[in-house]
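This is entry16.cif (mmCIF, C-alpha atoms).
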data_entry
loop_
_atom_site.label_atom_id
_atom_site.label_comp_id
_atom_site.auth_asym_id
_atom_site.auth_seq_id
_atom_site.Cartn_x
_atom_site.Cartn_y
_atom_site.Cartn_z
CA MET A 1 -11.41 17.51 21.63
CA THR A 2 -11.03 15.80 25.00
CA ASP A 3 -9.82 12.25 25.71
CA SER A 4 -13.44 11.19 26.26
CA ASP A 5 -14.27 12.31 22.70
CA ILE A 6 -11.67 9.98 21.14
CA PRO A 7 -13.28 6.72 19.97
CA ARG A 8 -11.79 3.57 21.43
CA VAL A 9 -10.50 1.83 18.34
CA HIS A 10 -7.79 -0.81 18.24
CA VAL A 11 -5.68 -2.20 15.42
CA SER A 12 -4.11 -5.66 15.62
CA VAL A 13 -1.46 -5.99 12.95
CA ALA A 14 1.08 -8.45 11.58
CA GLY A 15 3.41 -8.21 8.60
CA LYS A 16 5.87 -10.26 6.61
CA SER A 17 8.29 -9.54 3.77
CA ASP A 18 10.01 -12.27 1.76
CA VAL A 19 12.58 -12.17 -1.05
CA GLY A 20 10.72 -14.84 -3.05
CA ARG A 21 12.40 -17.55 -5.08
CA VAL A 22 13.87 -15.63 -8.01
CA ARG A 23 15.22 -12.27 -6.84
CA GLY A 24 18.64 -11.92 -5.25
CA ASN A 25 17.57 -9.27 -2.74
CA ASN A 26 14.39 -7.89 -1.23
CA GLU A 27 13.48 -4.44 -2.57
CA ASP A 28 10.19 -4.29 -0.63
CA ALA A 29 9.73 -2.49 2.67
CA PHE A 30 6.88 -2.16 5.14
CA LEU A 31 6.29 -0.24 8.33
CA VAL A 32 3.65 0.00 11.05
CA ALA A 33 3.66 3.09 13.25
CA ASP A 34 1.77 4.32 16.29
CA LEU A 35 1.94 8.00 15.35
CA THR A 36 0.74 9.14 18.78
CA LEU A 37 3.50 7.38 20.72
CA GLY A 38 6.11 7.64 17.96
CA THR A 39 6.61 3.86 17.97
CA ARG A 40 7.56 2.02 14.78
CA PHE A 41 7.54 -1.64 13.82
CA MET A 42 9.48 -2.70 10.72
CA GLU A 43 9.99 -6.36 11.39
CA GLY A 44 7.71 -9.35 11.13
CA GLY A 45 6.81 -11.42 14.15
CA ALA A 46 3.97 -11.65 16.61
CA THR A 47 0.75 -9.70 16.13
CA ARG A 48 0.83 -6.29 17.78
CA ARG A 49 -2.26 -4.62 19.23
CA ILE A 50 -2.20 -0.84 19.02
CA ASP A 51 -4.68 1.58 20.52
CA VAL A 52 -5.55 4.26 17.96
CA GLY A 53 -4.57 7.52 19.64
CA PRO A 54 -5.14 11.13 18.59
CA LYS A 55 -2.60 10.93 15.72
CA GLY A 56 -3.68 7.51 14.50
CA VAL A 57 -1.95 4.35 13.32
CA LEU A 58 -0.09 4.11 10.02
CA LEU A 59 0.43 1.07 7.78
CA VAL A 60 2.83 1.45 4.82
CA VAL A 61 4.11 -0.82 2.03
CA SER A 62 6.67 0.19 -0.61
CA ASP A 63 8.07 -1.78 -3.58
CA GLY A 64 11.43 -0.44 -4.77
CA MET A 65 13.00 -0.45 -8.22
CA GLY A 66 16.29 0.50 -9.77
CA GLY A 67 18.42 -2.63 -9.53
CA GLU A 68 21.69 -3.25 -7.68
CA GLN A 69 20.07 -2.52 -4.30
CA ALA A 70 18.85 0.93 -5.38
CA GLY A 71 15.28 -0.30 -5.09
CA GLU A 72 15.95 -1.51 -1.57
CA VAL A 73 17.27 1.94 -0.65
CA ALA A 74 14.34 3.70 -2.32
CA SER A 75 11.63 1.70 -0.55
CA SER A 76 13.31 2.16 2.83
CA LEU A 77 13.59 5.90 2.22
CA VAL A 78 9.94 6.11 1.21
CA VAL A 79 8.54 4.42 4.32
CA ASP A 80 10.91 6.33 6.61
CA ALA A 81 10.39 9.82 5.15
CA PHE A 82 6.64 9.36 4.79
CA THR A 83 6.25 8.17 8.38
CA ARG A 84 8.62 10.77 9.80
CA THR A 85 6.60 13.59 8.24
CA LEU A 86 3.34 12.29 9.70
CA GLU A 87 4.95 11.79 13.11
CA ALA A 88 5.92 15.48 13.10
CA ALA A 89 2.49 16.66 11.95
CA PRO A 90 0.24 18.46 14.47
CA THR A 91 -2.31 16.41 16.40
CA PHE A 92 -5.81 16.60 14.90
CA GLY A 93 -4.51 18.20 11.71
CA PRO A 94 -6.48 17.56 8.47
CA PRO A 95 -5.60 13.93 7.57
CA VAL A 96 -5.85 14.40 3.80
CA ALA A 97 -3.60 17.47 3.76
CA GLN A 98 -1.10 15.71 6.02
CA LEU A 99 -1.00 12.64 3.79
CA LYS A 100 -0.45 14.73 0.66
CA HIS A 101 2.35 16.65 2.35
CA ALA A 102 3.99 13.43 3.56
CA VAL A 103 3.85 11.91 0.05
CA ALA A 104 5.40 15.05 -1.49
CA LYS A 105 8.17 15.10 1.12
CA ALA A 106 9.01 11.42 0.68
CA HIS A 107 9.03 11.86 -3.11
CA LEU A 108 11.56 14.69 -2.87
CA ASP A 109 13.72 12.74 -0.42
CA VAL A 110 13.99 9.76 -2.77
CA ALA A 111 14.69 12.00 -5.77
CA ALA A 112 17.44 13.80 -3.84
CA ALA A 113 18.99 10.53 -2.72
CA SER A 114 18.91 9.27 -6.29
CA ARG A 115 20.84 12.34 -7.49
CA ARG A 116 23.40 12.07 -4.68
CA ARG A 117 24.05 8.44 -5.50
CA GLY A 118 24.08 8.98 -9.25
CA ARG A 119 21.19 6.52 -9.53
CA GLU A 120 18.57 8.22 -11.68
CA GLY A 121 16.63 4.96 -11.97
CA MET A 122 15.88 4.72 -8.25
CA GLY A 123 12.19 4.79 -7.32
CA ALA A 124 9.46 3.03 -5.39
CA THR A 125 5.74 2.59 -4.94
CA LEU A 126 3.87 3.78 -1.87
CA THR A 127 0.60 2.48 -0.47
CA ALA A 128 -0.45 3.60 2.98
CA VAL A 129 -3.47 3.33 5.25
CA HIS A 130 -3.83 5.87 8.05
CA VAL A 131 -6.32 4.69 10.66
CA PHE A 132 -7.59 7.90 12.23
CA GLY A 133 -10.39 7.40 14.74
CA ARG A 134 -13.27 5.58 13.07
CA THR A 135 -11.94 6.32 9.57
CA ALA A 136 -9.11 4.96 7.44
CA TYR A 137 -7.48 7.12 4.77
CA VAL A 138 -5.80 5.32 1.85
CA ALA A 139 -2.96 6.85 -0.20
CA GLU A 140 -1.41 5.27 -3.30
CA ILE A 141 1.46 5.92 -5.71
CA GLY A 142 2.19 3.03 -8.11
CA ASP A 143 0.65 -0.44 -7.94
CA SER A 144 1.07 -1.83 -4.44
CA ARG A 145 -2.47 -2.55 -3.28
CA ALA A 146 -4.74 -2.08 -0.29
CA TYR A 147 -7.75 -4.33 0.30
CA LEU A 148 -10.67 -4.47 2.69
CA LEU A 149 -11.98 -7.82 3.93
CA ARG A 150 -15.42 -7.28 5.46
CA ALA A 151 -18.09 -9.83 6.34
CA GLY A 152 -16.36 -12.51 4.25
CA HIS A 153 -16.01 -10.36 1.13
CA ILE A 154 -12.84 -8.79 -0.26
CA ARG A 155 -12.67 -5.43 -2.05
CA GLN A 156 -9.69 -3.66 -3.57
CA LEU A 157 -9.44 -0.10 -2.20
CA THR A 158 -6.69 1.07 -4.57
CA HIS A 159 -6.46 1.23 -8.37
CA ASP A 160 -3.24 0.12 -10.07
CA GLN A 161 -1.28 2.95 -11.64
CA ASN A 162 0.42 1.01 -14.43
CA VAL A 163 0.13 1.16 -18.21
CA ALA A 164 -1.81 -2.12 -18.51
CA GLN A 165 -4.50 -0.83 -16.15
CA ILE A 166 -4.62 2.54 -17.93
CA LEU A 167 -5.15 0.76 -21.23
CA ALA A 168 -7.86 -1.42 -19.69
CA ASP A 169 -9.61 1.62 -18.22
CA ALA A 170 -9.62 3.21 -21.68
CA GLY A 171 -11.07 0.05 -23.26
CA ALA A 172 -7.88 -0.61 -25.22
CA LEU A 173 -7.06 -3.81 -23.32
CA ASP A 174 -9.33 -6.60 -22.12
CA GLY A 175 -9.59 -6.85 -18.36
CA GLU A 176 -8.33 -10.44 -18.30
CA ALA A 177 -5.40 -9.52 -20.55
CA VAL A 178 -4.13 -7.13 -17.89
CA LYS A 179 -2.95 -10.07 -15.78
CA SER A 180 -0.53 -11.30 -18.46
CA SER A 181 0.39 -8.02 -20.13
CA PRO A 182 4.05 -6.94 -19.83
CA MET A 183 2.70 -3.40 -19.49
CA ARG A 184 1.57 -4.17 -15.93
CA HIS A 185 5.26 -3.89 -14.97
CA VAL A 186 5.46 -0.33 -16.31
CA LEU A 187 4.35 2.24 -13.76
CA ALA A 188 2.66 5.49 -14.71
CA GLN A 189 4.34 7.17 -11.75
CA ALA A 190 6.65 6.28 -8.88
CA MET A 191 8.10 7.92 -5.80
CA GLY A 192 11.37 9.65 -6.67
CA GLN A 193 10.64 9.62 -10.41
CA GLY A 194 9.73 12.63 -12.54
CA GLY A 195 9.04 16.17 -11.42
CA GLY A 196 6.16 15.29 -9.11
CA VAL A 197 3.58 12.69 -8.18
CA GLN A 198 -0.20 12.74 -8.01
CA VAL A 199 -1.39 10.78 -5.01
CA ALA A 200 -4.66 8.85 -5.21
CA LEU A 201 -6.65 9.23 -1.98
CA SER A 202 -9.75 7.62 -0.56
CA LYS A 203 -11.58 7.43 2.76
CA LEU A 204 -13.10 4.36 4.41
CA VAL A 205 -15.56 4.50 7.30
CA LEU A 206 -14.55 1.54 9.44
CA ARG A 207 -16.69 -1.25 10.82
CA ASP A 208 -15.95 -3.56 13.73
CA ARG A 209 -13.99 -6.64 12.61
CA ASP A 210 -12.83 -5.05 9.35
CA CYS A 211 -9.59 -6.55 8.06
CA LEU A 212 -7.17 -4.39 6.05
CA LEU A 213 -4.50 -5.84 3.78
CA LEU A 214 -1.59 -3.97 2.18
CA CYS A 215 0.68 -5.86 -0.21
CA SER A 216 3.23 -5.59 -2.98
CA ASP A 217 2.53 -7.05 -6.41
CA GLY A 218 4.61 -10.10 -5.57
CA LEU A 219 1.45 -11.31 -3.85
CA THR A 220 -1.24 -10.12 -6.26
CA GLY A 221 0.74 -11.24 -9.30
CA ALA A 222 0.57 -14.79 -7.95
CA LEU A 223 -2.82 -15.01 -6.20
CA SER A 224 -6.30 -13.94 -7.22
CA ASP A 225 -8.36 -11.77 -4.90
CA ALA A 226 -10.51 -14.77 -4.01
CA GLU A 227 -7.43 -16.80 -3.08
CA VAL A 228 -6.14 -13.95 -0.92
CA ARG A 229 -9.51 -13.83 0.86
CA ASP A 230 -9.57 -17.59 1.42
CA GLU A 231 -6.04 -17.67 2.86
CA ILE A 232 -6.91 -14.93 5.37
CA LEU A 233 -10.27 -16.42 6.35
CA GLY A 234 -8.68 -19.85 6.70
CA SER A 235 -6.04 -18.60 9.15
CA ARG A 236 -6.28 -18.85 12.92
CA ASN A 237 -4.65 -15.45 13.47
CA LEU A 238 -2.98 -12.58 11.60
CA ASP A 239 0.52 -14.05 11.89
CA GLU A 240 -0.65 -17.24 10.24
CA ALA A 241 -2.44 -15.24 7.54
CA CYS A 242 0.81 -13.50 6.62
CA GLU A 243 2.70 -16.79 6.58
CA ARG A 244 0.08 -18.49 4.42
CA LEU A 245 -0.11 -15.66 1.90
CA VAL A 246 3.67 -15.54 1.44
CA ALA A 247 3.94 -19.33 1.27
CA LYS A 248 1.20 -19.52 -1.38
CA ALA A 249 2.91 -16.89 -3.54
CA ASN A 250 6.18 -18.80 -3.26
CA GLN A 251 4.43 -22.02 -4.21
CA ARG A 252 3.34 -20.25 -7.40
CA GLY A 253 6.98 -19.55 -8.25
CA GLY A 254 7.90 -16.62 -6.02
CA ALA A 255 8.86 -14.55 -9.08
CA ASP A 256 8.98 -11.29 -7.12
CA ASN A 257 9.50 -10.05 -3.58
CA ILE A 258 6.38 -10.59 -1.47
CA THR A 259 5.23 -8.25 1.28
CA VAL A 260 1.98 -8.33 3.24
CA VAL A 261 0.60 -6.34 6.16
CA VAL A 262 -2.68 -7.59 7.64
CA ALA A 263 -4.57 -5.52 10.21
CA GLY A 264 -7.76 -6.26 12.11
CA VAL A 265 -9.85 -3.34 13.39
CA SER A 266 -12.05 -3.48 16.48
CA GLY A 267 -13.43 -1.31 19.26
CA ASP A 268 -16.05 1.42 19.41
CA LEU A 269 -17.33 0.74 15.90
CA PRO A 270 -20.62 -0.56 14.49
CA LEU A 271 -20.75 -3.97 12.86
CA ALA A 272 -21.35 -4.03 9.13
CA SER A 273 -24.99 -4.76 8.44
CA ALA A 274 -25.93 -7.53 6.02
CA ASP A 275 -27.35 -5.11 3.45
CA GLU A 276 -24.64 -2.45 3.71
CA ARG A 277 -22.47 -2.07 0.62
CA VAL A 278 -18.80 -1.23 0.97
CA SER A 279 -19.33 1.54 -1.58
CA THR A 280 -21.47 3.41 0.94
CA THR A 281 -18.52 3.58 3.34
CA HIS A 282 -15.66 4.01 0.82
CA GLU A 283 -15.27 7.41 -0.84
CA ILE A 284 -12.76 8.33 -3.55
CA LEU A 285 -11.31 11.70 -2.62
CA GLU A 286 -8.73 12.17 -5.39
CA SER A 287 -8.05 9.84 -8.34
CA PHE A 288 -4.87 9.44 -10.32
CA ALA A 289 -5.22 10.90 -13.82
CA PRO A 290 -2.72 9.44 -16.32
CA PRO A 291 -0.66 11.91 -18.38
CA GLY A 292 -2.67 12.04 -21.59
CA PRO A 293 -4.22 9.26 -23.71
CA PRO A 294 -2.92 5.71 -23.15
CA GLN A 295 -0.72 5.68 -26.24
CA ARG A 296 0.98 8.92 -25.13
CA ALA A 297 1.17 7.78 -21.51
CA ARG A 298 3.19 4.76 -22.53
CA ALA A 299 5.68 6.87 -24.45
CA ARG A 300 6.16 9.26 -21.54
CA ILE A 301 7.05 6.61 -19.00
CA VAL A 302 10.81 6.47 -18.57
CA PRO A 303 12.61 3.09 -18.50
CA ALA A 304 13.43 3.56 -14.81
CA THR A 305 9.81 2.89 -13.91
CA VAL A 306 9.81 -0.56 -15.45
CA LYS A 307 9.55 -3.17 -12.70
CA MET A 308 11.26 -6.31 -13.92
CA THR A 309 10.21 -9.66 -12.51
CA HIS A 310 13.41 -11.53 -13.30
#
Representation of the structure as C-alpha cells:
Amino acid sequence: MTDSDIPRVHVSVAGKSDVGRVRGNNEDAFLVADLTLGTRFMEGGATRRIDVGPKGVLLVVSDGMGGEQAGEVASSLVVDAFTRTLEAAPTFGPPVAQLKHAVAKAHLDVAAASRRRGREGMGATLTAVHVFGRTAYVAEIGDSRAYLLRAGHIRQLTHDQNVAQILADAGALDGEAVKSSPMRHVLAQAMGQGGGVQVALSKLVLRDRDCLLLCSDGLTGALSDAEVRDEILGSRNLDEACERLVAKANQRGGADNITVVVAGVSGDLPLASADERVSTTHEILESFAPPGPPQRARARIVPATVKMTH
C-alpha cells in the first residue's frame, strides 16, 4: 500500500477524568494515542486533531478496582500495556488479531503486577476504539462503554459484561431493573482477574461527522443515553462536551469516578444517508459468552470483581 492509497481521515479528540463527589481517589484512566507517530495523550485539555496514519489512532478507557489505590494502578497498567503492544505491532497488520494480542498482553501484565504487590483483588475494565483508515474496531472487557453519535442519534456499540446484564439477556431480570440492580456492579470478567479474558470485538464502518464516545460507568450510571446525546449535541466543541458530561454526572451525585473521551471523525468519508441504519455499518465480530447459565455465572464471579460505588 502506498501513501496515496491511505484514506485521509482525521480524528479530533478531547477527554476528561474526574474523581466525582464520593470517592477519595480516581481509579479511572484514559489514553489517546497516534500509533503511527508513537505519540500519547493522557491528560485533558484542548481538543487535539490527529491525522489517521498507517497504524491508526487509539482511544482507551479503563475503570480500575481493588481499593486502596490498587484500582488506580490497574487501570494505568491496562491503558499503558495495551497501547504499548499496539505501538510495537507491525504496520498494516490484521487489526483484530493485534487487538486480541494487546488485550491478552495487558491482562497478563495486570495479573503479574497484582501478584507482585500481593493484591489479588486488583483489576480493571478495558474499552478501546482503534480508528484504522475508514473503519473503527471496538474492543471491550467489563462494562465501560463505547457509543456512536451519528446524524443526531446515539447508539451503544458495546454490551455490558456484568451480572445484571447477563440476567437481563437471559430474561431473568427486567431491562429497567438492570439500572437499579446491585448486580450491575459485579463484573463477569475483568483485566487481571481469572485465568484469561474473552474480548468482545466489533467493527464500525465510519461516516463523515461521526462522533465516538468512550466512558466509564460513572457517567452512564448517572445519565441516560438520551441525556448523553443532548449534552454532546448542545456543546459548541468537544472540550465543552466533556466538561458538560462530567458536570452533569456530578450534579446527579458524582457517586463514582467519571471519565469521558469524545472524538469527532472527518475526512475522506461518505456522509451517512438519511435511510442508512447504523446496523448496516456495525458488525459484531466476537461476542462475550458468560461462563454458564446466569445463576452459575453469579457464583463463579470472585469478590474482587465487585465494583463498589461508595
If you count all atoms listed in the file, which residues fall within 9 Å of A:Leu77, apart from same-chain ones fewer than 2 positions away, as a compact mmCIF listing (two decimals) with C-alpha atoms, in the coordinates of the input?
# COMPACT_ATOMS: atom_id res chain seq x y z
CA GLU A 72 15.95 -1.51 -1.57
CA VAL A 73 17.27 1.94 -0.65
CA ALA A 74 14.34 3.70 -2.32
CA SER A 75 11.63 1.70 -0.55
CA VAL A 79 8.54 4.42 4.32
CA ASP A 80 10.91 6.33 6.61
CA ALA A 81 10.39 9.82 5.15
CA PHE A 82 6.64 9.36 4.79
CA ALA A 106 9.01 11.42 0.68
CA ASP A 109 13.72 12.74 -0.42
CA VAL A 110 13.99 9.76 -2.77
CA ALA A 113 18.99 10.53 -2.72
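Considering the residues A:Val262, A:Phe41, A:Leu201, A:Ala241 and counting all atoms listed in the file, A:Glu283 has its shortest atom-to-atom contact with A:Leu201.
Applied to the file shown here, the PyMOL selection byres ((chain A and resi 223) around 12) selects the residues Lys179, Cys215, Ser216, Asp217, Gly218, Leu219, Thr220, Gly221, Ala222, Ser224, Asp225, Ala226, Glu227, Val228, Arg229, Asp230, Glu231, Arg244, Leu245, Val246, Ala247, Lys248, Ala249, Asn250, Gln251, Arg252, Gly253, Gly254 and Ile258 of chain A.
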*Care to translate the PyMOL selection byres ((chain A and resi 121) around 7) into actual residues of this file, as a PyMOL selection string?*
chain A and resi 66+119-120+122-123+304
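Once the PyMOL selection byres ((chain A and resi 43) around 12) is applied to the shown structure, the selection contains Val13, Ala14, Gly15, Lys16, Ser17, Asp18, Ala29, Phe30, Leu31, Val32, Ala33, Arg40, Phe41, Met42, Gly44, Gly45, Ala46, Thr47, Arg48, Thr259, Val260 and Val261 of chain A.
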*Neighbours of A:Leu204 within 8 Å (only C-alpha atoms; same-chain residues fewer than 3 positions away dropped), as a PyMOL selection string?*
chain A and resi 135-138+281-283
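Using all atoms listed in the file, the nearest neighbour of A:Ser62 within the list A:Asn25, A:Ser12, A:Thr39, A:Ser144 is A:Ser144.
For the set A:Gly20, A:Pro291, A:Gly175, A:Pro54, the residue with the smallest atom-to-atom gap to A:Thr91 is A:Pro54, counting only C-alpha atoms.
From atom CA of A:Ala124 back to atom CA of A:Gly71, the distance works out to 6.7 Å.
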*asked:* I'd like the neighbourhood of A:Ser287 as a list in words, where a residue qualifies if any of its atoms comes within 10 Å (using all atoms listed in the file), though same-chain residues fewer than 2 positions away should be ignored.
replied: Glu140, Thr158, His159, Gln198, Val199, Ala200, Leu201, Ser202, Ile284, Leu285, Ala289 and Pro290 of chain A
If you take every atom of stretch 117-126 of chain A that the file lists and fit an axis-aligned box around them with 4 Å extra on each side, what centre and edge lengths come out in Å to one decimal, as AutoDock Vina command-line options?
--center_x 14.0 --center_y 5.8 --center_z -6.9 --size_x 28.2 --size_y 14.4 --size_z 18.1
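With atom CA of A:Gln189 on one side and atom CA of A:Phe288 on the other, the separation reads 9.6 Å.
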